[in-house]
$ cat my_file-v7.cif   # mmCIF, C-alpha atoms
data_run
loop_
_atom_site.label_atom_id
_atom_site.label_comp_id
_atom_site.auth_asym_id
_atom_site.auth_seq_id
_atom_site.Cartn_x
_atom_site.Cartn_y
_atom_site.Cartn_z
CA MET A 1 89.15 80.34 113.40
CA ALA A 2 88.68 77.96 116.39
CA LYS A 3 91.41 79.80 118.30
CA THR A 4 89.65 83.12 117.71
CA LYS A 5 86.33 81.82 119.04
CA PHE A 6 88.05 80.37 122.09
CA ASP A 7 89.79 83.69 122.76
CA ASN A 8 86.47 85.53 122.51
CA ILE A 9 84.82 83.18 124.99
CA LYS A 10 87.77 83.48 127.37
CA ASN A 11 87.65 87.29 127.16
CA ARG A 12 83.89 87.37 127.84
CA VAL A 13 84.27 85.10 130.88
CA LEU A 14 87.05 87.34 132.18
CA LEU A 15 84.84 90.43 131.70
CA VAL A 16 81.96 88.78 133.59
CA VAL A 17 84.27 87.91 136.50
CA ILE A 18 85.71 91.45 136.64
CA VAL A 19 82.25 93.07 136.57
CA PHE A 20 81.05 90.61 139.22
CA LEU A 21 83.95 91.39 141.59
CA LEU A 22 83.95 95.17 141.03
CA SER A 23 80.17 95.33 141.54
CA TYR A 24 80.41 93.48 144.86
CA LEU A 25 83.27 95.73 145.96
CA LEU A 26 81.43 98.92 145.02
CA THR A 27 78.21 97.70 146.69
CA ALA A 28 80.10 96.90 149.89
CA LEU A 29 81.55 100.43 149.92
CA ILE A 30 78.37 102.42 149.30
CA ASP A 31 75.59 100.24 150.77
CA LYS A 32 76.14 99.56 154.50
CA GLU A 33 72.78 97.88 154.84
CA TYR A 34 73.68 95.29 152.22
CA THR A 35 77.12 94.81 153.78
CA THR A 36 75.57 94.16 157.18
CA TRP A 37 73.10 91.74 155.65
CA PHE A 38 75.79 89.95 153.67
CA PHE A 39 78.37 89.64 156.47
CA GLY A 40 75.93 89.37 159.38
CA GLY A 41 76.32 85.62 159.60
CA GLU A 42 72.59 84.95 159.42
CA LEU A 43 72.59 83.73 155.82
CA SER A 44 72.79 80.06 154.91
CA PHE A 45 75.06 78.53 152.31
CA VAL A 46 72.13 78.30 149.90
CA ASP A 47 71.42 82.03 150.36
CA TYR A 48 75.02 82.86 149.47
CA MET A 49 74.89 80.59 146.39
CA ILE A 50 71.65 82.18 145.24
CA ASP A 51 73.10 85.68 145.71
CA PHE A 52 76.29 84.74 143.84
CA GLY A 53 74.32 83.01 141.08
CA VAL A 54 71.98 85.95 140.54
CA SER A 55 74.93 88.38 140.57
CA LEU A 56 76.85 86.30 138.02
CA LEU A 57 73.77 86.09 135.81
CA ILE A 58 73.26 89.87 135.99
CA SER A 59 76.97 90.41 135.28
CA PHE A 60 76.77 88.10 132.26
CA VAL A 61 73.65 89.80 130.89
CA PHE A 62 75.05 93.32 131.24
CA VAL A 63 78.44 92.35 129.79
CA GLU A 64 76.84 90.77 126.73
CA LEU A 65 74.49 93.71 126.25
CA SER A 66 77.31 96.23 126.78
CA VAL A 67 79.58 94.54 124.25
CA PHE A 68 76.69 94.43 121.79
CA TYR A 69 75.86 98.11 122.36
CA SER A 70 79.54 99.08 122.03
CA SER A 71 80.04 97.13 118.79
CA TRP A 72 76.83 98.51 117.35
CA SER A 73 77.71 102.11 118.26
CA PHE A 74 81.21 101.77 116.76
CA ARG A 75 79.65 100.57 113.50
CA LEU A 76 77.02 103.30 113.61
CA VAL A 77 79.39 106.19 114.33
CA SER A 78 82.14 106.37 111.71
CA PHE A 79 84.06 109.62 112.14
CA THR A 80 87.27 108.26 110.70
CA ASP A 81 88.81 111.74 110.65
CA LYS A 82 87.79 112.48 114.28
CA PRO A 83 88.59 109.37 116.35
CA TYR A 84 88.34 111.10 119.76
CA LEU A 85 84.85 112.42 118.98
CA ARG A 86 83.87 108.94 117.87
CA LEU A 87 85.09 107.43 121.15
CA PHE A 88 83.21 110.05 123.19
CA ILE A 89 79.93 109.52 121.33
CA CYS A 90 80.23 105.73 121.60
CA ALA A 91 80.84 105.98 125.34
CA PHE A 92 77.80 108.23 125.76
CA LEU A 93 75.60 105.86 123.72
CA LEU A 94 76.78 102.85 125.73
CA LEU A 95 75.97 104.55 129.03
CA LEU A 96 72.59 105.68 127.71
CA PHE A 97 71.58 102.23 126.43
CA ASN A 98 72.71 100.50 129.63
CA ASN A 99 70.68 102.91 131.76
CA LEU A 100 67.65 102.39 129.54
CA THR A 101 68.12 98.64 129.97
CA VAL A 102 68.24 99.00 133.77
CA TRP A 103 65.10 101.14 133.70
CA CYS A 104 63.29 98.49 131.63
CA PHE A 105 64.40 95.73 134.02
CA SER A 106 63.32 97.77 137.05
CA LEU A 107 59.94 98.46 135.47
CA LEU A 108 59.48 94.77 134.75
CA ILE A 109 60.40 93.83 138.35
CA ASN A 110 57.93 96.36 139.76
CA ILE A 111 55.19 94.87 137.60
CA CYS A 112 56.02 91.28 138.53
CA PHE A 113 56.62 91.83 142.28
CA ASP A 114 54.34 93.77 144.62
CA GLU A 115 56.81 94.46 147.40
CA GLY A 116 59.55 97.06 146.88
CA LEU A 117 63.01 95.87 145.97
CA ALA A 118 64.91 99.13 146.25
CA PHE A 119 68.20 97.43 147.06
CA PHE A 120 67.82 95.23 143.96
CA HIS A 121 67.24 98.25 141.72
CA GLN A 122 70.33 99.89 143.17
CA GLY A 123 72.31 96.72 142.51
CA LEU A 124 71.18 96.72 138.88
CA TYR A 125 72.51 100.24 138.40
CA ILE A 126 75.82 99.31 140.00
CA PHE A 127 76.20 96.29 137.72
CA SER A 128 75.25 98.49 134.78
CA VAL A 129 77.91 101.09 135.59
CA MET A 130 80.60 98.45 136.07
CA ALA A 131 79.62 96.66 132.85
CA THR A 132 79.66 99.98 130.98
CA PHE A 133 83.13 100.81 132.27
CA VAL A 134 84.71 97.40 131.72
CA SER A 135 83.09 96.57 128.37
CA TYR A 136 83.91 99.99 126.96
CA ILE A 137 87.60 99.53 127.79
CA TYR A 138 87.43 96.07 126.18
CA THR A 139 85.65 97.32 123.03
CA ASP A 140 87.92 100.35 122.79
CA ALA A 141 90.96 98.07 122.96
CA GLN A 142 89.50 95.92 120.18
CA TYR A 143 88.84 99.04 118.13
CA MET A 144 92.43 100.23 118.58
CA GLU A 145 93.74 96.78 117.72
CA SER A 146 91.65 96.63 114.53
CA SER A 147 92.79 100.15 113.59
CA ILE A 148 96.45 99.20 114.05
CA LEU A 149 95.88 96.00 112.03
CA ALA A 150 94.13 97.94 109.24
CA GLU A 151 96.98 100.45 109.14
CA ARG A 152 99.53 97.64 108.99
CA GLN A 153 97.64 95.93 106.16
CA LYS A 154 97.44 99.27 104.33
CA LYS A 155 101.20 99.70 104.57
CA GLU A 156 101.78 96.12 103.43
CA LEU A 157 99.49 96.74 100.46
CA GLU A 158 101.36 99.94 99.60
CA ILE A 159 104.68 98.07 99.76
CA THR A 160 103.25 95.34 97.51
CA LEU A 161 102.02 97.92 94.99
CA LEU A 162 105.42 99.63 95.00
CA LYS A 163 107.12 96.29 94.35
CA GLU A 164 104.71 95.58 91.49
CA LYS A 165 105.37 99.02 90.00
CA GLU A 166 109.10 98.45 90.30
CA HIS A 167 108.73 95.06 88.66
CA ALA A 168 106.60 96.55 85.89
CA ALA A 169 109.21 99.28 85.30
CA GLN A 170 111.90 96.61 85.10
CA MET A 171 109.80 94.67 82.60
CA GLN A 172 109.41 97.82 80.47
CA LEU A 173 113.16 98.32 80.54
CA GLU A 174 113.69 94.74 79.41
CA VAL A 175 111.23 95.34 76.56
CA LEU A 176 113.29 98.29 75.39
CA LYS A 177 116.52 96.31 75.67
CA SER A 178 115.01 93.38 73.79
CA GLN A 179 113.65 95.45 70.93
CA ILE A 180 116.40 97.93 70.13
CA ASP A 181 118.89 95.32 69.00
CA PRO A 182 122.13 97.06 67.88
CA HIS A 183 122.86 94.32 65.34
CA PHE A 184 119.39 94.64 63.82
CA MET A 185 119.72 98.43 63.71
CA PHE A 186 123.14 98.18 62.06
CA ASN A 187 121.76 95.87 59.34
CA ASN A 188 118.82 98.21 58.70
CA PHE A 189 121.01 101.28 58.42
CA SER A 190 123.37 99.39 56.07
CA ILE A 191 120.45 98.46 53.84
CA LEU A 192 119.16 102.03 53.98
CA SER A 193 122.51 103.48 52.95
CA GLU A 194 122.63 101.10 49.96
CA LEU A 195 119.07 101.92 48.93
CA ILE A 196 119.74 105.65 49.07
CA VAL A 197 122.36 105.15 46.38
CA GLU A 198 120.49 102.56 44.31
CA ASP A 199 116.77 103.40 44.65
CA THR A 200 115.69 106.64 46.34
CA ALA A 201 111.97 105.78 46.29
CA LEU A 202 112.55 102.37 47.87
CA ALA A 203 114.90 103.96 50.42
CA GLU A 204 112.16 106.40 51.39
CA LYS A 205 109.66 103.54 51.84
CA PHE A 206 112.18 101.55 53.86
CA LEU A 207 112.91 104.55 56.10
CA ASP A 208 109.18 105.10 56.64
CA ASN A 209 108.70 101.51 57.89
CA LEU A 210 111.87 101.72 60.00
CA SER A 211 110.62 104.88 61.70
CA LYS A 212 107.20 103.26 62.31
CA VAL A 213 108.86 100.34 64.06
CA TYR A 214 110.92 102.40 66.47
CA ARG A 215 108.24 105.03 66.95
CA TYR A 216 105.79 102.28 67.96
CA VAL A 217 108.29 100.78 70.42
CA ILE A 218 109.00 104.13 72.09
CA GLN A 219 105.38 105.37 72.14
CA ASN A 220 103.97 102.16 73.60
CA LEU A 221 106.75 101.45 76.07
CA LYS A 222 104.68 102.76 79.01
CA ARG A 223 101.37 101.29 77.89
CA ASP A 224 100.20 98.06 79.51
CA THR A 225 98.20 96.84 76.51
CA VAL A 226 97.45 97.80 72.93
CA SER A 227 94.70 96.75 70.57
CA ILE A 228 95.38 93.72 68.42
CA GLU A 229 94.75 95.86 65.34
CA GLU A 230 97.58 98.23 66.37
CA GLU A 231 99.94 95.33 67.08
CA ILE A 232 99.25 93.70 63.72
CA ALA A 233 99.82 96.99 61.88
CA PHE A 234 103.14 97.38 63.68
CA LEU A 235 104.07 93.78 62.87
CA HIS A 236 103.53 94.44 59.14
CA SER A 237 106.02 97.34 59.31
CA TYR A 238 108.53 95.10 61.06
CA ILE A 239 108.00 92.31 58.52
CA TYR A 240 108.77 94.76 55.72
CA LEU A 241 112.20 95.35 57.26
CA ILE A 242 112.70 91.61 57.72
CA LYS A 243 111.91 90.94 54.07
CA MET A 244 114.46 93.57 53.04
CA CYS A 245 117.09 91.95 55.27
CA TYR A 246 116.40 88.25 54.60
CA GLU A 247 114.45 88.42 51.32
CA ASP A 248 113.04 84.94 50.53
CA ALA A 249 114.81 83.21 53.44
CA VAL A 250 111.93 84.04 55.79
CA CYS A 251 108.25 83.50 55.04
CA ILE A 252 105.80 85.12 57.47
CA ASN A 253 102.06 84.53 57.14
CA ILE A 254 99.60 86.61 59.19
CA ASP A 255 95.92 85.79 59.38
CA GLU A 256 94.29 89.06 58.29
CA THR A 257 91.19 88.33 60.37
CA LEU A 258 93.27 89.09 63.47
CA LYS A 259 92.66 92.80 62.87
CA GLN A 260 88.96 92.27 63.56
CA ILE A 261 89.47 90.83 67.06
CA ASP A 262 88.06 93.02 69.81
CA GLY A 263 90.78 92.54 72.40
CA GLN A 264 94.23 93.59 73.52
CA ILE A 265 97.70 92.18 74.19
CA PRO A 266 100.89 93.61 75.71
CA PRO A 267 102.72 95.78 73.13
CA VAL A 268 105.58 94.42 70.99
CA CYS A 269 104.92 90.78 71.98
CA LEU A 270 104.30 89.52 68.43
CA GLN A 271 107.39 91.30 67.08
CA LEU A 272 109.50 89.83 69.87
CA LEU A 273 108.32 86.29 69.09
CA VAL A 274 108.96 86.73 65.36
CA GLU A 275 112.41 88.17 66.06
CA ASN A 276 113.26 85.25 68.38
CA ALA A 277 112.16 82.75 65.72
CA ILE A 278 114.47 84.33 63.15
CA LYS A 279 117.36 84.78 65.59
CA HIS A 280 117.43 81.16 66.82
CA ASN A 281 116.61 79.18 63.63
CA ARG A 282 118.34 78.52 60.31
CA ALA A 283 116.85 80.25 57.25
CA SER A 284 117.82 80.24 53.58
CA ALA A 285 116.23 80.92 50.21
CA ARG A 286 116.31 77.20 49.48
CA HIS A 287 114.78 76.26 52.83
CA PRO A 288 112.87 79.33 54.00
CA LEU A 289 111.89 79.65 57.64
CA SER A 290 108.12 79.62 57.95
CA ILE A 291 106.43 81.70 60.67
CA ARG A 292 102.66 81.69 61.08
CA VAL A 293 100.50 84.09 63.16
CA PHE A 294 96.84 83.14 63.62
CA ARG A 295 94.00 82.86 66.13
CA GLU A 296 93.06 79.73 68.03
CA GLU A 297 90.02 80.11 70.32
CA ASN A 298 90.94 82.91 72.78
CA ASP A 299 94.65 82.94 71.95
CA ILE A 300 96.89 84.45 69.30
CA VAL A 301 99.33 81.77 68.16
CA VAL A 302 102.83 82.39 66.82
CA GLU A 303 104.16 79.16 65.31
CA ASN A 304 107.48 78.68 63.54
CA ASP A 305 109.59 75.88 62.08
CA LEU A 306 112.14 74.56 64.56
CA ARG A 307 115.64 74.51 63.04
CA PRO A 308 117.96 75.48 65.91
CA ILE A 309 121.19 77.20 64.96
CA ALA A 310 124.21 75.24 66.19
CA SER A 311 125.87 77.57 68.71
CA ASP A 312 128.00 77.35 71.81
CA PHE A 313 125.79 79.96 73.47
CA GLU A 314 122.42 78.92 74.87
CA SER A 315 119.42 81.20 74.63
CA THR A 316 118.81 83.20 77.84
CA GLY A 317 115.05 83.15 77.27
CA ILE A 318 114.79 86.81 78.28
CA GLY A 319 112.20 87.51 75.58
CA ASN A 320 109.80 84.77 76.70
CA LYS A 321 110.34 85.62 80.39
CA ASN A 322 109.50 89.21 79.58
CA ILE A 323 106.22 88.26 77.90
CA VAL A 324 105.23 85.82 80.65
CA GLY A 325 106.04 88.41 83.34
CA ARG A 326 103.93 91.10 81.70
CA TYR A 327 100.96 88.74 81.31
CA LEU A 328 101.13 87.74 84.97
CA LEU A 329 101.09 91.41 85.97
CA LEU A 330 98.15 92.24 83.70
CA CYS A 331 95.75 89.32 83.97
CA LYS A 332 97.34 86.54 86.04
CA LYS A 333 97.48 84.31 82.96
CA LYS A 334 100.54 82.65 81.48
CA PRO A 335 101.18 82.27 77.74
CA PHE A 336 101.34 78.67 76.56
CA ILE A 337 104.80 77.73 75.25
CA GLU A 338 105.46 74.37 73.63
CA GLN A 339 108.44 72.95 71.71
CA ARG A 340 107.57 70.03 69.46
CA GLU A 341 109.80 67.97 67.22
CA ASN A 342 109.68 70.34 64.23
CA THR A 343 107.76 73.37 65.47
CA TYR A 344 107.87 75.94 68.25
CA ILE A 345 104.52 77.32 69.44
CA VAL A 346 103.62 80.27 71.67
CA LYS A 347 99.98 81.08 72.49
CA LEU A 348 99.23 84.58 73.80
CA PRO A 349 95.89 84.97 75.67
CA ILE A 350 93.67 87.76 74.32
CA ILE A 351 93.00 90.26 77.12
CA ASN A 352 89.46 91.56 77.53
CA ILE A 353 89.48 95.26 76.64
CA LEU A 354 86.81 96.04 79.28
CA LYS A 355 88.86 94.67 82.16
CA PHE A 356 92.19 96.03 81.07
CA PRO A 357 91.68 99.34 79.26
CA THR A 358 94.58 101.19 77.75
CA PRO A 359 95.60 104.14 79.97
#

$ encode --input "my_file-v7.cif" --output "structure tokens"
Amino acid sequence: MAKTKFDNIKNRVLLVVIVFLLSYLLTALIDKEYTTWFFGGELSFVDYMIDFGVSLLISFVFVELSVFYSSWSFRLVSFTDKPYLRLFICAFLLLLFNNLTVWCFSLLINICFDEGLAFFHQGLYIFSVMATFVSYIYTDAQYMESSILAERQKKELEITLLKEKEHAAQMQLEVLKSQIDPHFMFNNFSILSELIVEDTALAEKFLDNLSKVYRYVIQNLKRDTVSIEEEIAFLHSYIYLIKMCYEDAVCINIDETLKQIDGQIPPVCLQLLVENAIKHNRASARHPLSIRVFREENDIVVENDLRPIASDFESTGIGNKNIVGRYLLLCKKKPFIEQRENTYIVKLPIINILKFPTP
């Protein structure tokens, strides 16, 4: 910020010097009487200093007023679709205001001084014209620079949005990959084929829940968030399939008051956490794996017993990375993940439905 202020001061000083020099040059060319008076050799050093001082002061005043008029007119006239018309109108307004300023100064001088100062009035108009010309070029350059900067920032924002969309699409793809597990599908179809032979009614109920699970995954793949009520209903269908596969080896408890929460979460998150708990922990009828889903303040907590399966392959953590990535995209919050001695806990923040509505 200090550098910017210094640059502004340096630019203003440069404008004052340019107006001062151009005004003297133009006056010397058009006013022979002043030229004779100035170069006649009859003036003292003090006279020259007074003349230079007054000229610098007038240059400074007109430069500051011109820059102010230019900035004000650019803010007032906003034809964004017609930039050339905007530049023309701003130039006209600047010239008009500067001439009105000269007229006011001349009127004030005539009131304060009895004797005529025609040469001084002429000098004011010359300084005014030079200040108008120079300050307009300066303001126009600033306007062009700000326009180029705004266009560059717009393009950078568009690139950022495209990257976020690409990232979101990749996250959706990972959701699909994570959920449609071939091994899980194979087990479900094996159970279904057995039930068709043994119990047609139970097979029909099993197929209904299986279709709900995959229909929910496909339908909500492109949605950013879903209501907690929808997610809990989907989780119940998934748990039905789990109970058919693992029977009493897995015990899943869901707080039924979760359905009453007025909020949203990314789709399929709860199912993914439950699936990960079952996939990476030992479970048996004698020692069932306990999974609990409940609310804690403004979070939905998925907590499970920690009994890691001995395996040569380490977990890639794709599921948790997927959930964390989607939360960062939606609300800039990260789920809380903690591994204790005997439990594994994931806390999912509840997203305000007003800020993040479902498309």

$ closest_residue --input "my_file-v7.cif" --among "A:Leu21, A:Ile265, A:Ile242, A:Ile350" --to "A:Asn209" --atoms "all atoms listed in the file"
A:Ile242

$ closest_residue --input "my_file-v7.cif" --among "A:Phe133, A:Tyr240, A:Tyr216, A:Tyr138" --to "A:Val19" --atoms "all atoms listed in the file"
A:Phe133

$ residues_around --input "my_file-v7.cif" --residues "A:Lys334" --least-positions-apart "6" --cutoff "7 Å" --atoms "all atoms listed in the file" --output "compact mmCIF listing (two decimals) with C-alpha atoms, keeping the file's coordinate frame"
# COMPACT_ATOMS: atom_id res chain seq x y z
CA VAL A 324 105.23 85.82 80.65
CA TYR A 327 100.96 88.74 81.31
CA LEU A 328 101.13 87.74 84.97

$ atom_distance --input "my_file-v7.cif" --atom1 "atom CA of A:Pro267" --atom2 "atom CA of A:Val226"
5.6 Å

$ resolve_selection --input "my_file-v7.cif" --expression "the PyMOL selection byres ((chain A and resi 278-282) around 8)" --output "list in words"
Val250, Val274, Glu275, Asn276, Ala277, Ala283, Ser284, Leu289, Asp305, Leu306, Arg307, Pro308 and Ile309 of chain A

$ resolve_selection --input "my_file-v7.cif" --expression "the PyMOL selection byres ((chain A and resi 124-128) around 9)" --output "ChimeraX atom specification"
/A:19-20,22-24,26-27,55,58-59,62-63,66,95,98-99,101-103,105-106,119-123,129-133

$ residues_around --input "my_file-v7.cif" --residues "A:Tyr344" --least-positions-apart "5" --cutoff "6 Å" --atoms "only C-alpha atoms" --output "list in words"
Glu303, Asn304, Leu306 and Gln339 of chain A

$ atom_distance --input "my_file-v7.cif" --atom1 "atom CA of A:Leu25" --atom2 "atom CA of A:Phe88"
26.9 Å

$ closest_residue --input "my_file-v7.cif" --among "A:Leu272, A:Ile18, A:Ala310, A:Ile148" --to "A:Glu231" --atoms "only C-alpha atoms"
A:Leu272

$ residues_near_point --input "my_file-v7.cif" --point "(104.0, 92.4, 57.0)" --cutoff "12 Å" --atoms "all atoms listed in the file" --output "PyMOL selection string"
chain A and resi 209+213+231-244+250-256+270-271+274+291-293

$ residues_around --input "my_file-v7.cif" --residues "A:Trp72" --least-positions-apart "4" --cutoff "10 Å" --atoms "all atoms listed in the file" --output "VMD selection string"
chain A and resid 66 to 68 76 to 77 90 93 to 94

$ atom_distance --input "my_file-v7.cif" --atom1 "atom CA of A:Ile9" --atom2 "atom CA of A:Val46"
28.4 Å

$ closest_residue --input "my_file-v7.cif" --among "A:Gln153, A:Ser190, A:Ser146, A:Ser135" --to "A:Ala203" --atoms "only C-alpha atoms"
A:Ser190

$ closest_residue --input "my_file-v7.cif" --among "A:Glu230, A:Leu192, A:Val17, A:Leu207" --to "A:Val134" --atoms "all atoms listed in the file"
A:Val17

$ resolve_selection --input "my_file-v7.cif" --expression "the PyMOL selection byres ((chain A and resi 191) around 12)" --output "PyMOL selection string"
chain A and resi 184-190+192-199+202-204+206-207+210+241-247
